[in-house]
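Colleague: Just one file: run-v5.csv, with CSV, C-alpha atoms and all ligand atoms.
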```csv
chain,number,residue,atom,x,y,z
A,22,MET,CA,96.7,115.8,143.4
A,23,PRO,CA,98.6,113.6,140.9
A,24,LYS,CA,99.2,115.2,137.5
A,25,PRO,CA,97.0,113.9,134.6
A,26,GLN,CA,98.7,111.2,132.5
A,27,VAL,CA,99.1,111.7,128.7
A,28,PHE,CA,100.3,109.3,126.0
A,29,ILE,CA,101.9,110.7,122.8
A,30,THR,CA,102.0,108.1,120.1
A,31,ARG,CA,105.3,109.2,118.5
A,32,HIS,CA,108.3,111.2,119.2
A,33,LEU,CA,107.8,114.9,118.3
A,34,THR,CA,110.7,117.3,117.9
A,35,THR,CA,108.8,120.1,119.5
A,36,LYS,CA,109.4,121.1,123.2
A,37,LEU,CA,107.0,119.6,125.7
A,38,ASP,CA,107.8,121.9,128.6
A,39,GLN,CA,104.3,123.5,128.8
A,40,LEU,CA,102.7,120.1,128.8
A,41,GLN,CA,105.2,118.8,131.3
A,42,GLN,CA,104.2,121.4,133.8
A,43,ILE,CA,100.7,120.1,134.1
A,44,ALA,CA,100.9,116.4,133.0
A,45,THR,CA,103.0,113.3,133.3
A,46,ILE,CA,104.0,112.4,129.7
A,47,GLU,CA,104.7,109.0,128.1
A,48,VAL,CA,106.0,109.1,124.6
A,49,TRP,CA,106.0,106.1,122.2
A,50,GLU,CA,109.6,106.4,120.9
A,51,GLU,CA,109.5,103.8,118.2
A,52,ARG,CA,109.4,104.6,114.5
A,53,GLN,CA,106.4,102.4,113.9
A,54,PRO,CA,103.1,103.5,115.6
A,55,PRO,CA,102.1,101.7,118.8
A,56,PRO,CA,100.2,98.5,118.1
A,57,TYR,CA,96.4,98.8,118.6
A,58,THR,CA,96.6,96.5,121.6
A,59,VAL,CA,99.0,98.9,123.3
A,60,LEU,CA,96.7,101.8,122.7
A,61,LEU,CA,93.8,99.8,123.9
A,62,LYS,CA,95.6,99.2,127.2
A,63,LYS,CA,96.8,102.8,127.5
A,64,VAL,CA,93.4,104.5,127.1
A,65,LYS,CA,92.2,102.7,130.2
A,66,THR,CA,94.5,104.7,132.5
A,67,ILE,CA,95.4,107.9,130.7
A,68,ASP,CA,93.6,111.3,130.8
A,69,GLY,CA,94.6,112.5,127.4
A,70,LEU,CA,95.9,111.1,124.1
A,71,LEU,CA,98.0,112.9,121.4
A,72,CYS,CA,97.7,110.8,118.3
A,73,LEU,CA,98.5,110.7,114.6
A,74,LEU,CA,96.6,109.7,111.5
A,75,THR,CA,98.3,106.3,111.7
A,76,ASP,CA,96.5,105.5,115.0
A,77,GLN,CA,93.2,103.7,114.7
A,78,ILE,CA,90.9,105.4,117.3
A,79,ASP,CA,87.8,103.4,116.7
A,80,GLN,CA,84.6,102.7,118.7
A,81,GLN,CA,86.2,99.8,120.7
A,82,LEU,CA,89.2,102.0,121.7
A,83,ILE,CA,87.1,105.0,122.7
A,84,GLU,CA,84.7,102.9,124.6
A,85,ALA,CA,87.6,101.2,126.4
A,86,ALA,CA,88.8,104.6,127.7
A,87,GLY,CA,88.7,105.0,131.5
A,88,THR,CA,86.5,107.4,133.3
A,89,SER,CA,89.3,110.0,133.7
A,90,PHE,CA,89.9,110.1,129.9
A,91,LYS,CA,89.2,113.7,128.8
A,92,VAL,CA,90.6,114.5,125.4
A,93,ILE,CA,91.9,113.2,122.0
A,94,SER,CA,94.2,115.6,120.3
A,95,GLN,CA,95.2,114.6,116.7
A,96,MET,CA,98.3,116.1,115.1
A,97,ALA,CA,96.7,116.4,111.6
A,98,VAL,CA,93.9,118.3,110.0
A,99,GLY,CA,92.2,115.1,108.8
A,100,TYR,CA,90.6,112.8,111.4
A,101,ASP,CA,89.1,109.9,109.4
A,102,ASN,CA,91.1,107.5,111.6
A,103,ILE,CA,88.9,108.6,114.6
A,104,ASP,CA,85.3,107.6,115.2
A,105,ILE,CA,84.0,111.1,115.9
A,106,PRO,CA,80.3,110.1,116.6
A,107,VAL,CA,81.5,107.7,119.3
A,108,ALA,CA,83.8,110.3,120.8
A,109,THR,CA,81.0,112.8,120.8
A,110,ALA,CA,78.6,110.4,122.4
A,111,ARG,CA,81.1,109.9,125.2
A,112,LYS,CA,81.5,113.7,125.4
A,113,ILE,CA,85.2,113.5,124.5
A,114,PRO,CA,86.4,116.5,122.6
A,115,VAL,CA,88.7,115.8,119.6
A,116,GLY,CA,91.2,118.3,118.6
A,117,HIS,CA,92.9,118.7,115.2
A,118,THR,CA,95.3,121.1,113.4
A,119,PRO,CA,93.6,123.1,110.6
A,120,GLY,CA,95.2,126.0,108.8
A,121,VAL,CA,98.8,125.6,109.7
A,122,LEU,CA,99.4,123.0,107.0
A,123,THR,CA,97.5,124.6,104.2
A,124,ASP,CA,100.5,126.2,102.4
A,125,ALA,CA,102.8,123.3,102.8
A,126,THR,CA,100.2,120.9,101.4
A,127,ALA,CA,99.4,123.2,98.5
A,128,ASP,CA,103.1,123.6,97.8
A,129,LEU,CA,103.6,119.8,97.6
A,130,THR,CA,100.5,119.5,95.4
A,131,TRP,CA,102.1,121.9,93.0
A,132,ALA,CA,105.4,120.1,93.2
A,133,LEU,CA,103.7,116.9,92.3
A,134,LEU,CA,101.6,118.5,89.5
A,135,MET,CA,104.7,120.0,87.9
A,136,ALA,CA,106.8,116.9,88.4
A,137,ALA,CA,104.2,114.7,86.8
A,138,ALA,CA,103.6,117.1,83.9
A,139,ARG,CA,107.3,117.6,83.2
A,140,ARG,CA,108.2,114.0,84.0
A,141,VAL,CA,110.8,115.1,86.5
A,142,VAL,CA,111.1,111.7,88.3
A,143,GLU,CA,111.3,109.8,85.0
A,144,ALA,CA,113.9,112.2,83.8
A,145,ASP,CA,116.0,111.7,86.9
A,146,ARG,CA,115.8,107.9,86.5
A,147,PHE,CA,116.7,108.3,82.8
A,148,VAL,CA,119.9,110.2,83.7
A,149,ARG,CA,120.9,107.9,86.5
A,150,GLY,CA,120.3,104.9,84.3
A,151,GLY,CA,123.0,106.2,81.9
A,152,GLU,CA,120.5,106.8,79.1
A,153,TRP,CA,121.3,110.5,78.5
A,154,ARG,CA,123.2,110.4,75.2
A,155,THR,CA,122.3,113.8,73.6
A,156,TRP,CA,119.7,116.6,73.4
A,157,GLU,CA,116.7,115.1,71.6
A,158,PRO,CA,113.8,117.1,70.1
A,159,ASN,CA,111.3,114.5,71.4
A,160,LEU,CA,112.8,113.4,74.7
A,161,LEU,CA,110.5,113.2,77.7
A,162,LEU,CA,107.9,115.6,76.4
A,163,GLY,CA,105.0,116.6,78.6
A,164,PRO,CA,102.1,119.0,78.5
A,165,ASN,CA,102.2,122.8,79.1
A,166,ILE,CA,101.3,123.9,82.6
A,167,THR,CA,101.0,127.6,81.8
A,168,GLY,CA,97.6,128.2,80.3
A,169,ALA,CA,96.2,124.8,81.0
A,170,THR,CA,92.9,124.0,82.7
A,171,LEU,CA,93.0,123.0,86.4
A,172,GLY,CA,90.1,121.2,88.1
A,173,ILE,CA,90.1,121.4,91.9
A,174,VAL,CA,87.9,118.9,93.7
A,175,GLY,CA,87.1,120.2,97.2
A,176,PHE,CA,87.4,123.9,97.8
A,177,GLY,CA,88.3,124.4,101.5
A,178,ARG,CA,91.5,126.0,102.7
A,179,ILE,CA,93.9,123.8,100.7
A,180,GLY,CA,91.8,123.9,97.5
A,181,GLN,CA,91.7,127.7,97.6
A,182,ALA,CA,95.5,127.8,98.2
A,183,ILE,CA,96.0,125.7,95.1
A,184,ALA,CA,93.8,128.2,93.1
A,185,ARG,CA,95.8,131.1,94.4
A,186,ARG,CA,99.0,129.5,93.1
A,187,ALA,CA,97.4,128.7,89.8
A,188,LYS,CA,97.1,132.5,89.1
A,189,GLY,CA,100.8,132.6,88.4
A,190,PHE,CA,100.4,130.1,85.7
A,191,ASP,CA,97.5,131.8,83.9
A,192,MET,CA,95.4,128.8,84.2
A,193,LYS,CA,91.7,128.4,83.7
A,194,VAL,CA,90.5,127.1,87.0
A,195,PHE,CA,87.3,125.1,87.7
A,196,TYR,CA,86.4,124.0,91.2
A,197,THR,CA,83.7,121.7,92.5
A,198,SER,CA,82.6,121.4,96.1
A,199,LYS,CA,79.6,120.6,98.3
A,200,ASN,CA,79.0,124.3,98.8
A,201,ARG,CA,79.8,127.0,96.3
A,202,CYS,CA,81.9,129.8,97.8
A,203,ASP,CA,80.8,133.4,97.6
A,204,GLN,CA,81.2,135.3,94.3
A,205,GLU,CA,83.7,137.8,95.6
A,206,LEU,CA,86.1,135.0,96.5
A,207,GLU,CA,85.5,133.3,93.2
A,208,ARG,CA,86.4,136.6,91.4
A,209,ASP,CA,89.4,137.2,93.6
A,210,LEU,CA,90.8,133.7,93.0
A,211,GLY,CA,89.7,133.7,89.3
A,212,VAL,CA,87.9,130.4,89.6
A,213,GLU,CA,84.6,129.0,88.2
A,214,PHE,CA,82.3,126.7,90.1
A,215,THR,CA,81.2,123.7,88.0
A,216,ALA,CA,79.7,120.2,88.3
A,217,PHE,CA,82.1,117.4,89.2
A,218,GLU,CA,81.6,115.6,85.8
A,219,HIS,CA,82.1,118.8,83.8
A,220,LEU,CA,85.3,119.4,85.7
A,221,LEU,CA,86.5,115.9,84.9
A,222,GLN,CA,85.8,116.4,81.2
A,223,GLU,CA,87.4,119.8,80.9
A,224,ALA,CA,90.5,119.7,83.2
A,225,ASP,CA,94.1,119.0,82.1
A,226,PHE,CA,95.0,118.6,85.7
A,227,VAL,CA,92.6,117.4,88.4
A,228,THR,CA,93.6,117.8,92.0
A,229,ILE,CA,91.8,116.3,95.0
A,230,HIS,CA,91.3,118.3,98.2
A,231,THR,CA,88.2,116.8,99.9
A,232,PRO,CA,88.2,115.0,103.2
A,233,LEU,CA,87.6,111.2,103.2
A,234,LEU,CA,83.9,110.7,104.1
A,235,ASP,CA,81.4,108.0,103.2
A,236,GLU,CA,80.4,110.1,100.2
A,237,THR,CA,84.0,110.7,98.9
A,238,TYR,CA,85.2,107.0,99.3
A,239,HIS,CA,86.2,105.9,95.8
A,240,LEU,CA,84.9,109.2,94.4
A,241,PHE,CA,87.4,108.5,91.6
A,242,SER,CA,86.8,105.1,90.0
A,243,ASP,CA,86.4,103.6,86.5
A,244,ARG,CA,83.6,105.9,85.4
A,245,GLN,CA,85.4,109.1,86.5
A,246,PHE,CA,88.7,108.1,84.8
A,247,LYS,CA,86.8,107.4,81.6
A,248,LEU,CA,85.3,110.9,81.7
A,249,MET,CA,88.7,112.5,82.1
A,250,LYS,CA,90.8,113.6,79.1
A,251,GLN,CA,93.3,111.0,77.9
A,252,SER,CA,96.0,113.7,78.4
A,253,ALA,CA,94.9,114.5,81.9
A,254,ILE,CA,97.0,114.2,85.1
A,255,LEU,CA,95.5,113.4,88.5
A,256,ILE,CA,97.0,114.7,91.7
A,257,ASN,CA,96.0,113.4,95.1
A,258,THR,CA,97.4,114.9,98.3
A,259,ALA,CA,94.2,114.3,100.4
A,260,ARG,CA,93.4,110.7,101.3
A,261,GLY,CA,94.2,107.5,99.4
A,262,ALA,CA,90.8,105.9,99.7
A,263,ILE,CA,89.2,108.8,97.7
A,264,VAL,CA,90.7,107.0,94.7
A,265,ASP,CA,89.9,103.4,93.8
A,266,GLN,CA,93.4,102.2,93.3
A,267,GLU,CA,92.6,99.3,91.1
A,268,ALA,CA,90.7,101.7,88.8
A,269,LEU,CA,93.6,104.1,88.9
A,270,TYR,CA,96.0,101.3,87.9
A,271,GLN,CA,93.7,100.4,84.9
A,272,ALA,CA,93.3,104.0,83.9
A,273,LEU,CA,97.1,104.6,83.9
A,274,ALA,CA,98.1,101.3,82.4
A,275,ASN,CA,95.5,101.6,79.6
A,276,GLY,CA,96.1,105.2,78.8
A,277,GLU,CA,92.7,106.4,79.9
A,278,ILE,CA,94.6,109.2,81.6
A,279,ALA,CA,98.2,110.3,81.0
A,280,GLY,CA,99.6,110.3,84.5
A,281,ALA,CA,99.1,110.7,88.2
A,282,ALA,CA,101.0,111.9,91.2
A,283,ILE,CA,99.8,110.7,94.6
A,284,ASP,CA,101.0,111.5,98.1
A,285,VAL,CA,98.5,109.2,99.7
A,286,THR,CA,97.5,105.6,99.1
A,287,ASP,CA,95.1,103.0,100.5
A,288,PRO,CA,96.5,101.4,102.5
A,289,GLU,CA,99.5,103.3,103.7
A,290,PRO,CA,102.2,102.4,103.2
A,291,ILE,CA,101.5,101.1,99.7
A,292,PRO,CA,102.3,97.3,99.6
A,293,THR,CA,105.7,96.8,97.9
A,294,ASP,CA,104.1,94.4,95.4
A,295,SER,CA,101.3,96.9,94.4
A,296,PRO,CA,101.0,96.9,90.5
A,297,LEU,CA,100.9,100.7,90.8
A,298,LEU,CA,104.6,100.7,91.6
A,299,SER,CA,105.4,99.3,88.1
A,300,LEU,CA,104.0,102.3,86.3
A,301,ASP,CA,106.3,105.0,84.9
A,302,ASN,CA,103.5,107.5,84.5
A,303,LEU,CA,102.8,107.5,88.3
A,304,ILE,CA,104.7,109.4,91.0
A,305,ILE,CA,104.2,108.3,94.6
A,306,THR,CA,105.4,110.1,97.7
A,307,PRO,CA,104.9,108.8,101.3
A,308,HIS,CA,102.2,111.2,102.7
A,309,ILE,CA,104.6,114.2,103.0
A,310,GLY,CA,102.1,117.0,102.2
A,311,SER,CA,102.6,118.8,105.5
A,312,ALA,CA,106.3,117.8,105.8
A,313,SER,CA,108.0,121.2,106.0
A,314,ARG,CA,109.9,121.7,109.3
A,315,GLN,CA,108.0,124.8,110.2
A,316,THR,CA,104.6,123.2,109.5
A,317,ARG,CA,105.3,120.1,111.5
A,318,GLU,CA,106.4,122.2,114.4
A,319,LYS,CA,103.2,124.3,114.2
A,320,MET,CA,101.1,121.2,114.0
A,321,ALA,CA,102.8,119.6,117.0
A,322,ASN,CA,102.3,122.9,119.0
A,323,MET,CA,98.7,123.2,118.0
A,324,ALA,CA,98.1,119.6,119.1
A,325,ILE,CA,99.7,120.2,122.4
A,326,VAL,CA,97.6,123.4,123.0
A,327,ASN,CA,94.5,121.4,122.2
A,328,LEU,CA,95.6,118.6,124.6
A,329,ILE,CA,96.3,121.0,127.4
A,330,ALA,CA,93.0,122.7,127.0
A,331,GLY,CA,91.2,119.3,127.1
A,332,LEU,CA,93.1,118.2,130.2
A,333,LYS,CA,92.1,121.4,132.0
A,334,GLY,CA,88.5,120.9,131.0
A,335,GLU,CA,88.6,124.0,128.8
A,336,ARG,CA,87.2,124.3,125.3
A,337,LEU,CA,89.7,123.1,122.7
A,338,PRO,CA,90.8,126.0,120.4
A,339,ASN,CA,90.4,123.7,117.4
A,340,CYS,CA,87.8,121.1,118.1
A,341,VAL,CA,86.3,118.7,115.6
A,342,ASN,CA,83.2,118.0,117.6
A,343,PRO,CA,82.1,121.2,119.5
A,344,GLU,CA,78.8,119.5,120.1
A,345,VAL,CA,80.4,118.0,123.2
A,346,TYR,CA,80.2,121.4,124.9
B,1,LIG,C1,96.6,115.9,107.7
B,1,LIG,O1,97.0,116.7,108.5
B,1,LIG,O2,95.5,115.4,107.6
B,1,LIG,C2,97.6,115.4,106.7
B,1,LIG,O3,97.2,114.4,105.9
B,1,LIG,C3,99.0,115.1,107.3
B,1,LIG,O4,99.5,116.3,107.7
```
Please express what this file holds, its structure, as structure tokens.
Modeller:
Amino acid sequence: MPKPQVFITRHLTTKLDQLQQIATIEVWEERQPPPYTVLLKKVKTIDGLLCLLTDQIDQQLIEAAGTSFKVISQMAVGYDNIDIPVATARKIPVGHTPGVLTDATADLTWALLMAAARRVVEADRFVRGGEWRTWEPNLLLGPNITGATLGIVGFGRIGQAIARRAKGFDMKVFYTSKNRCDQELERDLGVEFTAFEHLLQEADFVTIHTPLLDETYHLFSDRQFKLMKQSAILINTARGAIVDQEALYQALANGEIAGAAIDVTDPEPIPTDSPLLSLDNLIITPHIGSASRQTREKMANMAIVNLIAGLKGERLPNCVNPEVY
């Protein structure tokens, strides 16, 4: 019997030996993702797809899949680029990579929080621009991090990992989430559950850790920025579209909030003529939350394990839509 065919939408550094034993692999080797038309053609003949968050796996694409198509394995924890209801209706399991990127993402969130508070990027530009003349009492001042109030929006794995790190900074930590977590965990992490609006009003730092869903699209817009402290700093390492970028620009340009640091934008990449890029009180990184070598290796391996299970008709160890079984 011929081996099943799989398509991997980008070059991965991880070894593919295990997959190679059971499947014929085609890898898209270019730096840019495969165009949608290429994917549309591929899904007609392949048995499994290993994709990234840059691939649009929508209704048209899933419905175009051939009869042998068995599995979508995404190398990311988020899967807002995939039409899950349509995949479920076609009984196609979708795999993802939760857990392994929690710490790396929480670490980058803290790096951004601290860089924004202490104006690290601005300071670097200042030095390179030849502006460092002497030690000045009022040069590049920022707020205290230790002892400040942190607001965590979304309290899954990553939100909780943020809270754990906040303990080292003696922070008061509020969180808001669809479901309140149990009181023992709250005590253990030293966090207090509160309403979204109260969190916005109280926090010196607000950090976003919710998935992108219909109800979280533009969760942060004009009204939310007006509720925040003028001294507040917003961090987003979740998904760009949770923040209305036009409103973010206005809030930062008009001093409604003091600063922001975002690892995600809408769209990605951010257009080079975006007015956001003209702001000194904004740090932008190119969606690198999970970008530690070890984490990316684990994500790739987990995606391969999910893919292999799907090809064999076994239950995916990390399945987004277990209703297919
Ligand atoms: C994810 O996994 O969803 C991140 O955004 C990329 O690692």
Colleague: Counting only C-alpha atoms and all ligand atoms, which residues of chain A fall within 12 Å of ligand LIG 1 (chain B), and what is the closest atom pair for each with its distance in Å at one decimal, ordered by chain and rising number, as a tab-separated table?
Modeller:
```
residue	atom	partner	partner_atom	distance
A:Cys72	CA	B:LIG1	O1	11.5
A:Leu73	CA	B:LIG1	C3	8.5
A:Leu74	CA	B:LIG1	O2	7.0
A:Thr75	CA	B:LIG1	C3	9.9
A:Gln95	CA	B:LIG1	O1	8.7
A:Met96	CA	B:LIG1	O1	6.8
A:Ala97	CA	B:LIG1	O1	3.1
A:Val98	CA	B:LIG1	O1	3.8
A:Gly99	CA	B:LIG1	O2	3.5
A:Tyr100	CA	B:LIG1	O2	6.7
A:Asp101	CA	B:LIG1	O2	8.6
A:Asn102	CA	B:LIG1	O2	9.9
A:Ile103	CA	B:LIG1	O2	11.8
A:Gly116	CA	B:LIG1	O1	11.8
A:His117	CA	B:LIG1	O1	8.1
A:Thr118	CA	B:LIG1	O1	6.8
A:Pro119	CA	B:LIG1	O1	7.5
A:Gly120	CA	B:LIG1	O1	9.5
A:Val121	CA	B:LIG1	O1	9.2
A:Leu122	CA	B:LIG1	O4	6.7
A:Thr123	CA	B:LIG1	O1	9.0
A:Asp124	CA	B:LIG1	O4	11.3
A:Ala125	CA	B:LIG1	O4	9.2
A:Thr126	CA	B:LIG1	O4	7.8
A:Ala127	CA	B:LIG1	C2	11.5
A:Leu129	CA	B:LIG1	O4	11.4
A:Ile179	CA	B:LIG1	C1	10.9
A:His230	CA	B:LIG1	O3	10.5
A:Thr231	CA	B:LIG1	O2	10.7
A:Pro232	CA	B:LIG1	O2	8.5
A:Leu233	CA	B:LIG1	O2	10.0
A:Asn257	CA	B:LIG1	O3	10.9
A:Thr258	CA	B:LIG1	O3	7.6
A:Ala259	CA	B:LIG1	O3	6.3
A:Arg260	CA	B:LIG1	O3	7.0
A:Gly261	CA	B:LIG1	O3	9.9
A:Asp284	CA	B:LIG1	O3	9.1
A:Val285	CA	B:LIG1	O3	8.2
A:Thr286	CA	B:LIG1	O3	11.1
A:Glu289	CA	B:LIG1	O3	11.5
A:Pro307	CA	B:LIG1	C3	10.5
A:His308	CA	B:LIG1	O3	6.7
A:Ile309	CA	B:LIG1	C3	7.1
A:Gly310	CA	B:LIG1	O4	6.1
A:Ser311	CA	B:LIG1	O4	4.5
A:Ala312	CA	B:LIG1	O4	7.2
A:Ser313	CA	B:LIG1	O4	10.0
A:Arg314	CA	B:LIG1	O4	11.8
A:Thr316	CA	B:LIG1	O4	8.8
A:Arg317	CA	B:LIG1	O4	7.9
A:Glu318	CA	B:LIG1	O4	11.3
A:Lys319	CA	B:LIG1	O4	11.0
A:Met320	CA	B:LIG1	O4	8.1
A:Ala321	CA	B:LIG1	O4	10.4
A:Met323	CA	B:LIG1	O1	11.6
A:Ala324	CA	B:LIG1	O1	11.0
```
Colleague: When distances are computed from all atoms listed in the file, which of A:Gly175, A:Gly69, A:Pro343, A:Gly168 shows the smallest separation from Lys193 in chain A?
Modeller: A:Gly168
Colleague: Could you pull the residues within 9 Å of Ala274 in chain A, counting all atoms listed in the file, minus those fewer than 6 positions along the same chain, as a list in words?
Modeller: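 So the residues in contact are Leu297, Leu300 and Asn302 of chain A.
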Colleague: May I ask for the distance between CA of Glu213 in chain A and CA of Ala187 in chain A, given in Å to one decimal place?
Modeller: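 Atom-to-atom, CA of Glu213 in chain A and CA of Ala187 in chain A are spaced 12.9 Å apart.
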Colleague: Report, as JSON, the centre and edge lengths in Å (one decimal) of the axis-aligned box enclosing every listed atom of range 201-213 of chain A, padded by 5 Å on each side.
Modeller:
```
{"center_x": 85.3, "center_y": 132.4, "center_z": 93.0, "size_x": 21.0, "size_y": 20.8, "size_z": 19.6}
```
Colleague: CA of Gly163 in chain A and CA of Ser198 in chain A, how far apart in Å?
Modeller: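 Computing it gives 28.8 Å between the two atoms.
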Colleague: What gap, in Å, lies between CA of Lys247 in chain A and CA of Phe190 in chain A?
Modeller: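 Result for CA of Lys247 in chain A versus CA of Phe190 in chain A: 26.8 Å, one decimal.
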Colleague: Point out the residue among A:Val345, A:Ala282, A:Ile93, A:Leu171 with the least atom-to-atom distance to Val141 in chain A, counting only C-alpha atoms.
Modeller: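 Going through A:Val345, A:Ala282, A:Ile93, A:Leu171 one by one, the smallest distance to Val141 in chain A is for A:Ala282.
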Colleague: Could you pull the residues within 7 Å of range 214-218 of chain A, counting all atoms listed in the file, minus those fewer than 3 positions along the same chain, as number ranges by chain?
Modeller: A: 195-197, 201, 221-222
Colleague: Quick one: of A:Ala268, A:Ala253, A:Val148, A:Leu298, who's nearest to Phe241 in chain A, counting all atoms listed in the file?
Modeller: A:Ala268
